[in-house]
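Asker: Provided herewith: model_32.txt, compact mmCIF, C-alpha atoms.
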```
# COMPACT_ATOMS: atom_id res chain seq x y z
CA MET A 1 21.50 29.69 -7.92
CA ILE A 2 22.40 29.46 -4.23
CA ILE A 3 25.87 30.82 -3.50
CA SER A 4 27.71 30.03 -0.29
CA PRO A 5 28.42 32.81 2.21
CA PHE A 6 32.05 31.98 1.40
CA ASP A 7 31.27 32.81 -2.24
CA SER A 8 34.80 34.04 -2.95
CA ARG A 9 35.85 30.38 -2.72
CA VAL A 10 33.26 29.15 -5.19
CA LEU A 11 33.68 29.41 -8.94
CA PRO A 12 30.13 29.75 -10.30
CA LEU A 13 30.56 27.40 -13.25
CA SER A 14 27.48 26.29 -15.16
CA GLY A 15 28.41 22.66 -15.87
CA VAL A 16 30.85 21.69 -13.09
CA HIS A 17 29.40 21.31 -9.62
CA ASN A 18 31.07 22.26 -6.35
CA PHE A 19 34.20 23.83 -7.92
CA ARG A 20 35.97 25.84 -5.25
CA ASP A 21 39.22 26.95 -3.65
CA TYR A 22 39.94 25.12 -0.39
CA GLY A 23 42.82 27.30 0.72
CA GLY A 24 42.73 30.41 2.89
CA TYR A 25 42.34 28.79 6.31
CA PRO A 26 44.72 29.64 9.21
CA ALA A 27 47.43 27.06 9.90
CA ALA A 28 48.53 26.03 13.40
CA SER A 29 52.17 26.82 12.62
CA GLY A 30 51.27 30.40 11.65
CA GLY A 31 50.25 31.87 8.33
CA GLN A 32 47.44 30.45 6.26
CA VAL A 33 46.89 27.91 3.53
CA ARG A 34 47.56 29.57 0.19
CA ARG A 35 44.68 30.65 -2.02
CA GLY A 36 44.72 30.04 -5.74
CA VAL A 37 46.60 26.74 -5.63
CA LEU A 38 44.15 24.20 -4.18
CA TYR A 39 40.90 23.46 -5.99
CA ARG A 40 38.25 20.76 -5.64
CA SER A 41 35.16 19.86 -7.65
CA GLY A 42 32.87 17.22 -9.06
CA GLN A 43 33.25 15.66 -12.52
CA HIS A 44 33.55 17.80 -15.65
CA VAL A 45 31.58 15.88 -18.25
CA GLU A 46 29.07 18.74 -18.68
CA ALA A 47 31.59 21.59 -18.51
CA SER A 48 30.66 24.39 -20.89
CA ASP A 49 33.17 26.14 -23.13
CA ALA A 50 32.98 29.11 -20.76
CA ASP A 51 33.69 26.80 -17.80
CA LEU A 52 36.74 25.39 -19.58
CA ALA A 53 38.06 28.90 -20.20
CA VAL A 54 37.73 29.76 -16.49
CA ILE A 55 39.46 26.54 -15.46
CA ALA A 56 42.24 27.03 -18.01
CA ALA A 57 42.99 30.46 -16.53
CA LEU A 58 43.78 28.78 -13.17
CA ASP A 59 46.93 27.23 -14.73
CA ILE A 60 46.42 23.91 -12.98
CA LYS A 61 49.47 21.63 -13.02
CA HIS A 62 48.00 18.48 -11.43
CA VAL A 63 44.51 17.00 -11.72
CA VAL A 64 43.97 14.22 -9.18
CA ASP A 65 40.97 12.20 -10.35
CA LEU A 66 39.79 9.98 -7.50
CA ARG A 67 37.33 8.09 -9.70
CA GLY A 68 37.89 4.61 -11.05
CA GLN A 69 38.14 3.51 -14.66
CA SER A 70 34.44 2.88 -15.21
CA GLU A 71 33.47 6.29 -13.81
CA ARG A 72 36.04 8.00 -16.02
CA ARG A 73 34.74 6.07 -19.03
CA ASN A 74 31.08 6.81 -18.29
CA TYR A 75 31.68 10.47 -17.34
CA PRO A 76 34.69 11.64 -19.37
CA CYS A 77 35.95 15.06 -18.31
CA ARG A 78 35.88 17.79 -20.92
CA ARG A 79 39.20 19.62 -21.31
CA SER A 80 40.13 22.89 -22.99
CA ASP A 81 42.34 22.84 -26.08
CA SER A 82 45.16 24.30 -23.99
CA PHE A 83 44.86 21.67 -21.22
CA ALA A 84 48.35 20.51 -20.20
CA ALA A 85 47.99 19.37 -16.58
CA GLU A 86 49.25 15.99 -15.42
CA VAL A 87 46.23 13.78 -14.72
CA ILE A 88 46.77 11.41 -11.81
CA ALA A 89 44.28 8.54 -11.65
CA TYR A 90 44.05 4.96 -10.46
CA ASP A 91 44.39 2.21 -13.08
CA GLY A 92 41.38 0.27 -11.87
CA GLU A 93 38.33 0.90 -9.70
CA THR A 94 38.48 3.09 -6.58
CA ALA A 95 34.85 2.22 -5.80
CA ALA A 96 32.37 -0.22 -7.33
CA LEU A 97 29.96 2.73 -7.42
CA ALA A 98 30.27 6.40 -6.53
CA PRO A 99 29.91 6.47 -2.72
CA HIS A 100 26.59 8.33 -2.69
CA VAL A 101 25.17 5.78 -5.16
CA GLU A 102 26.63 2.87 -3.21
CA ALA A 103 25.11 4.16 0.03
CA ALA A 104 21.68 4.43 -1.61
CA GLU A 105 21.20 0.66 -1.87
CA GLY A 106 18.34 -0.43 0.35
CA VAL A 107 17.67 3.09 1.64
CA LEU A 108 14.02 3.58 2.52
CA ASP A 109 14.03 6.77 4.57
CA GLU A 110 16.13 9.73 5.70
CA ALA A 111 17.39 8.07 8.89
CA THR A 112 18.65 5.08 6.94
CA ALA A 113 20.32 7.39 4.44
CA HIS A 114 22.27 9.11 7.22
CA ALA A 115 23.27 5.77 8.75
CA LYS A 116 24.43 4.36 5.41
CA MET A 117 26.53 7.45 4.70
CA GLU A 118 28.17 7.26 8.13
CA ALA A 119 29.01 3.60 7.57
CA LEU A 120 30.42 4.40 4.15
CA TYR A 121 32.70 7.13 5.54
CA ALA A 122 33.96 4.78 8.25
CA ASN A 123 35.04 2.40 5.50
CA LEU A 124 36.46 4.87 2.94
CA PRO A 125 39.94 5.29 4.51
CA PHE A 126 40.60 1.55 4.30
CA ARG A 127 39.87 0.99 0.60
CA VAL A 128 43.18 -0.06 -0.91
CA PRO A 129 42.68 1.54 -4.36
CA LEU A 130 41.68 4.82 -2.74
CA ILE A 131 44.72 4.69 -0.45
CA SER A 132 46.89 4.29 -3.54
CA ILE A 133 45.54 7.40 -5.28
CA LEU A 134 45.59 9.43 -2.05
CA ARG A 135 49.30 8.67 -1.67
CA ARG A 136 49.84 10.09 -5.15
CA TYR A 137 47.70 13.14 -4.28
CA PHE A 138 49.93 14.02 -1.32
CA ALA A 139 53.11 13.27 -3.27
CA ALA A 140 52.04 15.54 -6.14
CA LEU A 141 51.17 18.44 -3.83
CA ALA A 142 54.49 18.07 -2.01
CA GLU A 143 56.31 18.71 -5.30
CA GLY A 144 55.10 22.31 -5.27
CA LYS A 145 54.74 22.60 -9.05
CA GLY A 146 51.71 24.89 -8.90
CA ALA A 147 47.95 24.75 -8.67
CA SER A 148 46.14 21.43 -8.35
CA LEU A 149 42.58 20.14 -8.67
CA VAL A 150 41.24 17.09 -6.83
CA HIS A 151 37.85 15.70 -7.81
CA CYS A 152 35.68 12.59 -7.91
CA LEU A 153 32.17 12.17 -9.32
CA ALA A 154 30.09 14.40 -7.02
CA GLY A 155 33.12 16.11 -5.46
CA LYS A 156 31.97 15.53 -1.90
CA ASP A 157 32.85 12.12 -0.40
CA ARG A 158 36.19 10.84 -1.69
CA THR A 159 37.18 14.42 -2.41
CA GLY A 160 35.86 15.60 0.96
CA MET A 161 37.97 13.03 2.78
CA ALA A 162 41.10 13.86 0.75
CA VAL A 163 40.73 17.58 1.46
CA ALA A 164 40.06 17.01 5.18
CA LEU A 165 43.22 14.91 5.46
CA LEU A 166 45.30 17.54 3.67
CA HIS A 167 43.87 20.26 5.90
CA HIS A 168 44.92 18.22 8.92
CA ALA A 169 48.43 17.73 7.54
CA LEU A 170 48.71 21.50 7.01
CA GLY A 171 47.59 22.31 10.56
CA VAL A 172 44.12 23.63 9.72
CA HIS A 173 41.88 23.68 12.81
CA PRO A 174 39.28 20.86 12.78
CA ASP A 175 36.46 23.39 12.93
CA ASP A 176 37.72 25.10 9.77
CA ALA A 177 38.23 21.74 8.06
CA MET A 178 34.66 20.80 8.94
CA ALA A 179 33.36 24.15 7.67
CA ASP A 180 35.05 23.51 4.34
CA PHE A 181 33.61 19.99 4.22
CA LEU A 182 30.09 21.30 4.87
CA LEU A 183 30.43 23.99 2.22
CA THR A 184 29.37 21.29 -0.24
CA ASN A 185 25.81 21.84 1.03
CA THR A 186 25.71 25.48 -0.09
CA ALA A 187 28.28 25.82 -2.90
CA GLY A 188 26.85 26.54 -6.33
CA ASN A 189 23.65 25.25 -7.87
CA ILE A 190 22.54 22.73 -5.25
CA ASP A 191 19.28 21.79 -6.96
CA ALA A 192 21.07 20.91 -10.21
CA ARG A 193 23.60 18.76 -8.35
CA VAL A 194 20.86 16.94 -6.44
CA ALA A 195 18.88 16.40 -9.64
CA ALA A 196 21.92 14.89 -11.36
CA GLY A 197 22.48 12.54 -8.45
CA ALA A 198 18.80 11.63 -8.29
CA GLN A 199 18.80 10.45 -11.88
CA THR A 200 21.75 8.11 -11.28
CA ILE A 201 20.42 6.81 -7.95
CA ARG A 202 16.93 6.10 -9.27
CA GLN A 203 18.26 4.41 -12.40
CA LYS A 204 20.27 2.07 -10.17
CA TRP A 205 17.92 1.46 -7.22
CA GLY A 206 14.44 2.57 -8.26
CA PRO A 207 12.05 5.17 -6.78
CA MET A 208 13.24 7.21 -3.81
CA GLU A 209 11.92 10.32 -2.08
CA ASP A 210 13.54 13.64 -3.00
CA SER A 211 14.28 14.37 0.66
CA THR A 212 16.21 11.12 1.01
CA ILE A 213 18.21 11.74 -2.16
CA ARG A 214 19.07 15.22 -0.90
CA ILE A 215 20.70 13.60 2.16
CA LEU A 216 22.70 11.21 -0.02
CA MET A 217 23.82 14.10 -2.24
CA GLY A 218 24.85 16.29 0.70
CA VAL A 219 27.29 16.01 3.58
CA ASP A 220 26.91 16.04 7.34
CA GLU A 221 29.25 16.51 10.29
CA ARG A 222 28.54 12.92 11.30
CA TYR A 223 30.09 11.59 8.10
CA LEU A 224 33.49 13.20 8.53
CA ASP A 225 33.41 12.37 12.24
CA ALA A 226 32.80 8.72 11.33
CA MET A 227 35.88 8.74 9.11
CA ARG A 228 38.03 10.32 11.79
CA LYS A 229 36.86 7.94 14.53
CA ALA A 230 37.46 4.88 12.33
CA VAL A 231 40.99 6.04 11.56
CA GLU A 232 41.70 6.77 15.21
CA ARG A 233 40.51 3.29 16.22
CA GLU A 234 42.86 1.62 13.74
CA HIS A 235 45.86 3.97 13.79
CA GLY A 236 45.59 5.95 17.02
CA SER A 237 45.28 9.31 15.28
CA LEU A 238 44.96 11.04 11.93
CA ASP A 239 48.69 11.75 12.17
CA GLY A 240 49.39 8.04 12.49
CA PHE A 241 47.20 7.26 9.48
CA LEU A 242 48.87 9.95 7.40
CA ALA A 243 52.35 8.69 8.24
CA ASP A 244 51.78 4.93 8.31
CA VAL A 245 49.32 4.54 5.45
CA LEU A 246 49.48 7.61 3.20
CA GLU A 247 53.28 8.09 3.43
CA VAL A 248 52.93 11.64 4.75
CA ASP A 249 55.94 11.50 7.06
CA SER A 250 57.57 14.51 8.69
CA ALA A 251 59.62 15.30 5.58
CA ARG A 252 56.59 15.20 3.26
CA ARG A 253 54.54 17.19 5.74
CA SER A 254 57.25 19.84 5.81
CA ALA A 255 57.26 19.96 2.01
CA LEU A 256 53.49 20.35 1.92
CA ARG A 257 53.63 23.22 4.37
CA LEU A 258 56.53 24.84 2.52
CA HIS A 259 54.55 24.95 -0.72
CA LEU A 260 51.01 25.40 0.56
CA VAL A 261 51.21 27.60 3.67
CA GLU A 262 52.20 31.25 3.47
```
Show me this structure written as structure tokens.
Answerer:
Amino acid sequence: MIISPFDSRVLPLSGVHNFRDYGGYPAASGGQVRRGVLYRSGQHVEASDADLAVIAALDIKHVVDLRGQSERRNYPCRRSDSFAAEVIAYDGETAALAPHVEAAEGVLDEATAHAKMEALYANLPFRVPLISILRRYFAALAEGKGASLVHCLAGKDRTGMAVALLHHALGVHPDDAMADFLLTNTAGNIDARVAAGAQTIRQKWGPMEDSTIRILMGVDERYLDAMRKAVEREHGSLDGFLADVLEVDSARRSALRLHLVE
């Protein structure tokens, strides 16, 4: 198993990929984002009993599931017997396919894979169903009820964008936000995560080189940059997008910082 150099963030679970704490970064207003209250991951369908015990000990109050109905049906999350968190999910589809699977259509080589992922990230912020669930994500965190978990299927694209936007709202430096985004490439058992993605991608689109699938199953600075640039073109800034589209106005931003920055 390959563990990130930021291994204190990563929970080494056997059946849940990319489960980690995304707090701990300095905030522009002073202090730092709290640890032990913000978690992110991939889906939990293969969570072991031991994994469920570790997750239960985190006392999570909100689970924000960015997947759509078909993904939740096909990959139902395992829960512990004591699970009592509020699950926030969209009543419909947030994506026709998981983004990494969607981007794989027609991919013949590594360069095309990168280009397709950049194009996908430029489009993600404007998907109406995803906007709806992201609004609920920010609203839930602003309530300050306790620890939360945000996840999608692979825990890297929809989840990566959500976390990057929250980091921005909390005043995390863009370099730190990017470092957290890129941690997907080193957190946990990378080979197992790539193998899981490869099976789904090949079932949908046919044979594909391992090196190309590894690109689709990873993240790159260019992807998050593509999201940011697309938002800035349409809304002037990430701040404008947060306020105008995701309903993160000054009052909600203050509430987020009150509960999540120490």
Asker: One number please: CA of His173 (chain A) to CA of Gly218 (chain A), in Å, one decimal.
Answerer: 22.2 Å
Asker: As a VMD selection string, please: the residues near Glu105 (chain A) (cut-off 10 Å, all atoms listed in the file, same-chain neighbours under 4 positions excluded).
Answerer: chain A and resid 100 to 101 113 116 201 204 to 206
Asker: Which residues, written as a list in words, have at least one atom at most 12 Å from Ala57 (chain A), with all atoms listed in the file counted and residues fewer than 5 positions away on the same chain left out?
Answerer: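 Contacts, with the query itself left out: Gly36, Ala50, Asp51, Leu52, Ser80, Ser82, Phe83, Ala84 and Ala147 of chain A.
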Asker: Quick one: write out the picked residues with C-alpha atoms as a JSON list (two decimals), in the frame of the given file?
Answerer:
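File selection-v7.json, as written:
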```json
[["chain", "number", "residue", "atom", "x", "y", "z"],
["A", 36, "GLY", "CA", 44.72, 30.04, -5.74],
["A", 50, "ALA", "CA", 32.98, 29.11, -20.76],
["A", 51, "ASP", "CA", 33.69, 26.80, -17.80],
["A", 52, "LEU", "CA", 36.74, 25.39, -19.58],
["A", 80, "SER", "CA", 40.13, 22.89, -22.99],
["A", 82, "SER", "CA", 45.16, 24.30, -23.99],
["A", 83, "PHE", "CA", 44.86, 21.67, -21.22],
["A", 84, "ALA", "CA", 48.35, 20.51, -20.20],
["A", 147, "ALA", "CA", 47.95, 24.75, -8.67]]
```
Asker: What's around Arg135 (chain A) at 6 Å? Count all atoms listed in the file, leave out sequence neighbours fewer than 3 positions away in its own chain, and write the answer as a list in words.
Answerer: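 Once the nearby chain positions are removed, what remains is Ser132, Phe138 and Leu246 of chain A.
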Asker: Write out the residues from the selection above, keeping C-alpha atoms, as a short mmCIF file (atom, residue, chain, number, x, y, z; two decimals), keeping the file's coordinate frame.
Answerer:
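The result, stored in out32.cif:
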```
data_model
loop_
_atom_site.label_atom_id
_atom_site.label_comp_id
_atom_site.auth_asym_id
_atom_site.auth_seq_id
_atom_site.Cartn_x
_atom_site.Cartn_y
_atom_site.Cartn_z
CA SER A 132 46.89 4.29 -3.54
CA PHE A 138 49.93 14.02 -1.32
CA LEU A 246 49.48 7.61 3.20
#
```
Asker: Could you build a table of the residues in region 77-158 of chain A lying no more than 7 Å from region 37-48 of chain A, giving for each the nearest pair of atoms and their separation in Å rounded to one decimal place, using only C-alpha atoms, ordered by chain and ascending residue number, as a Markdown table?
Answerer:
```
| residue | atom | partner | partner_atom | distance |
| --- | --- | --- | --- | --- |
| A:Cys77 | CA | A:Val45 | CA | 4.4 |
| A:Arg78 | CA | A:Val45 | CA | 5.4 |
| A:Gly146 | CA | A:Val37 | CA | 6.3 |
| A:Ala147 | CA | A:Val37 | CA | 3.9 |
| A:Ser148 | CA | A:Leu38 | CA | 5.4 |
| A:Leu149 | CA | A:Tyr39 | CA | 4.6 |
| A:Val150 | CA | A:Arg40 | CA | 4.9 |
| A:His151 | CA | A:Ser41 | CA | 5.0 |
| A:Cys152 | CA | A:Gly42 | CA | 5.5 |
| A:Leu153 | CA | A:Gln43 | CA | 4.9 |
| A:Ala154 | CA | A:Gly42 | CA | 4.5 |
| A:Gly155 | CA | A:Gly42 | CA | 3.8 |
```
Asker: Counting only C-alpha atoms, note down every residue that has an atom within 7 Å of the point (32.1, 19.7, -1.8) (file coordinates), as number ranges by chain.
Answerer: A: 18, 41, 155-156, 160, 181, 183-184
Asker: Could you give me, as a list in words, the residues that have an atom at most 12 Å away from the point (17.2, 11.3, -9.9) in the coordinates of the file, using all atoms listed in the file?
Answerer: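 Here is the list of nearby residues: Val101, Ala104, Asp191, Ala192, Arg193, Val194, Ala195, Ala196, Gly197, Ala198, Gln199, Thr200, Ile201, Arg202, Gln203, Lys204, Trp205, Gly206, Pro207, Met208, Glu209, Asp210, Ser211, Thr212, Ile213, Arg214, Leu216 and Met217 of chain A.
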Asker: Write a file of the just-selected residues containing C-alpha atoms, as a PDB file, in the coordinates of the input.
Answerer:
```pdb
ATOM      1  CA  VAL A 101      25.170   5.780  -5.160  1.00  0.00           C
ATOM      2  CA  ALA A 104      21.680   4.430  -1.610  1.00  0.00           C
ATOM      3  CA  ASP A 191      19.280  21.790  -6.960  1.00  0.00           C
ATOM      4  CA  ALA A 192      21.070  20.910 -10.210  1.00  0.00           C
ATOM      5  CA  ARG A 193      23.600  18.760  -8.350  1.00  0.00           C
ATOM      6  CA  VAL A 194      20.860  16.940  -6.440  1.00  0.00           C
ATOM      7  CA  ALA A 195      18.880  16.400  -9.640  1.00  0.00           C
ATOM      8  CA  ALA A 196      21.920  14.890 -11.360  1.00  0.00           C
ATOM      9  CA  GLY A 197      22.480  12.540  -8.450  1.00  0.00           C
ATOM     10  CA  ALA A 198      18.800  11.630  -8.290  1.00  0.00           C
ATOM     11  CA  GLN A 199      18.800  10.450 -11.880  1.00  0.00           C
ATOM     12  CA  THR A 200      21.750   8.110 -11.280  1.00  0.00           C
ATOM     13  CA  ILE A 201      20.420   6.810  -7.950  1.00  0.00           C
ATOM     14  CA  ARG A 202      16.930   6.100  -9.270  1.00  0.00           C
ATOM     15  CA  GLN A 203      18.260   4.410 -12.400  1.00  0.00           C
ATOM     16  CA  LYS A 204      20.270   2.070 -10.170  1.00  0.00           C
ATOM     17  CA  TRP A 205      17.920   1.460  -7.220  1.00  0.00           C
ATOM     18  CA  GLY A 206      14.440   2.570  -8.260  1.00  0.00           C
ATOM     19  CA  PRO A 207      12.050   5.170  -6.780  1.00  0.00           C
ATOM     20  CA  MET A 208      13.240   7.210  -3.810  1.00  0.00           C
ATOM     21  CA  GLU A 209      11.920  10.320  -2.080  1.00  0.00           C
ATOM     22  CA  ASP A 210      13.540  13.640  -3.000  1.00  0.00           C
ATOM     23  CA  SER A 211      14.280  14.370   0.660  1.00  0.00           C
ATOM     24  CA  THR A 212      16.210  11.120   1.010  1.00  0.00           C
ATOM     25  CA  ILE A 213      18.210  11.740  -2.160  1.00  0.00           C
ATOM     26  CA  ARG A 214      19.070  15.220  -0.900  1.00  0.00           C
ATOM     27  CA  LEU A 216      22.700  11.210  -0.020  1.00  0.00           C
ATOM     28  CA  MET A 217      23.820  14.100  -2.240  1.00  0.00           C
TER      29      MET A 217
END
```
Asker: Nearest to Phe126 (chain A) among A:Asp59, A:Glu143, A:Glu234, A:Asp65, with distances taken over only C-alpha atoms: which residue is it?
Answerer: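 Of A:Asp59, A:Glu143, A:Glu234, A:Asp65, the one nearest Phe126 (chain A), counting only C-alpha atoms, is A:Glu234.
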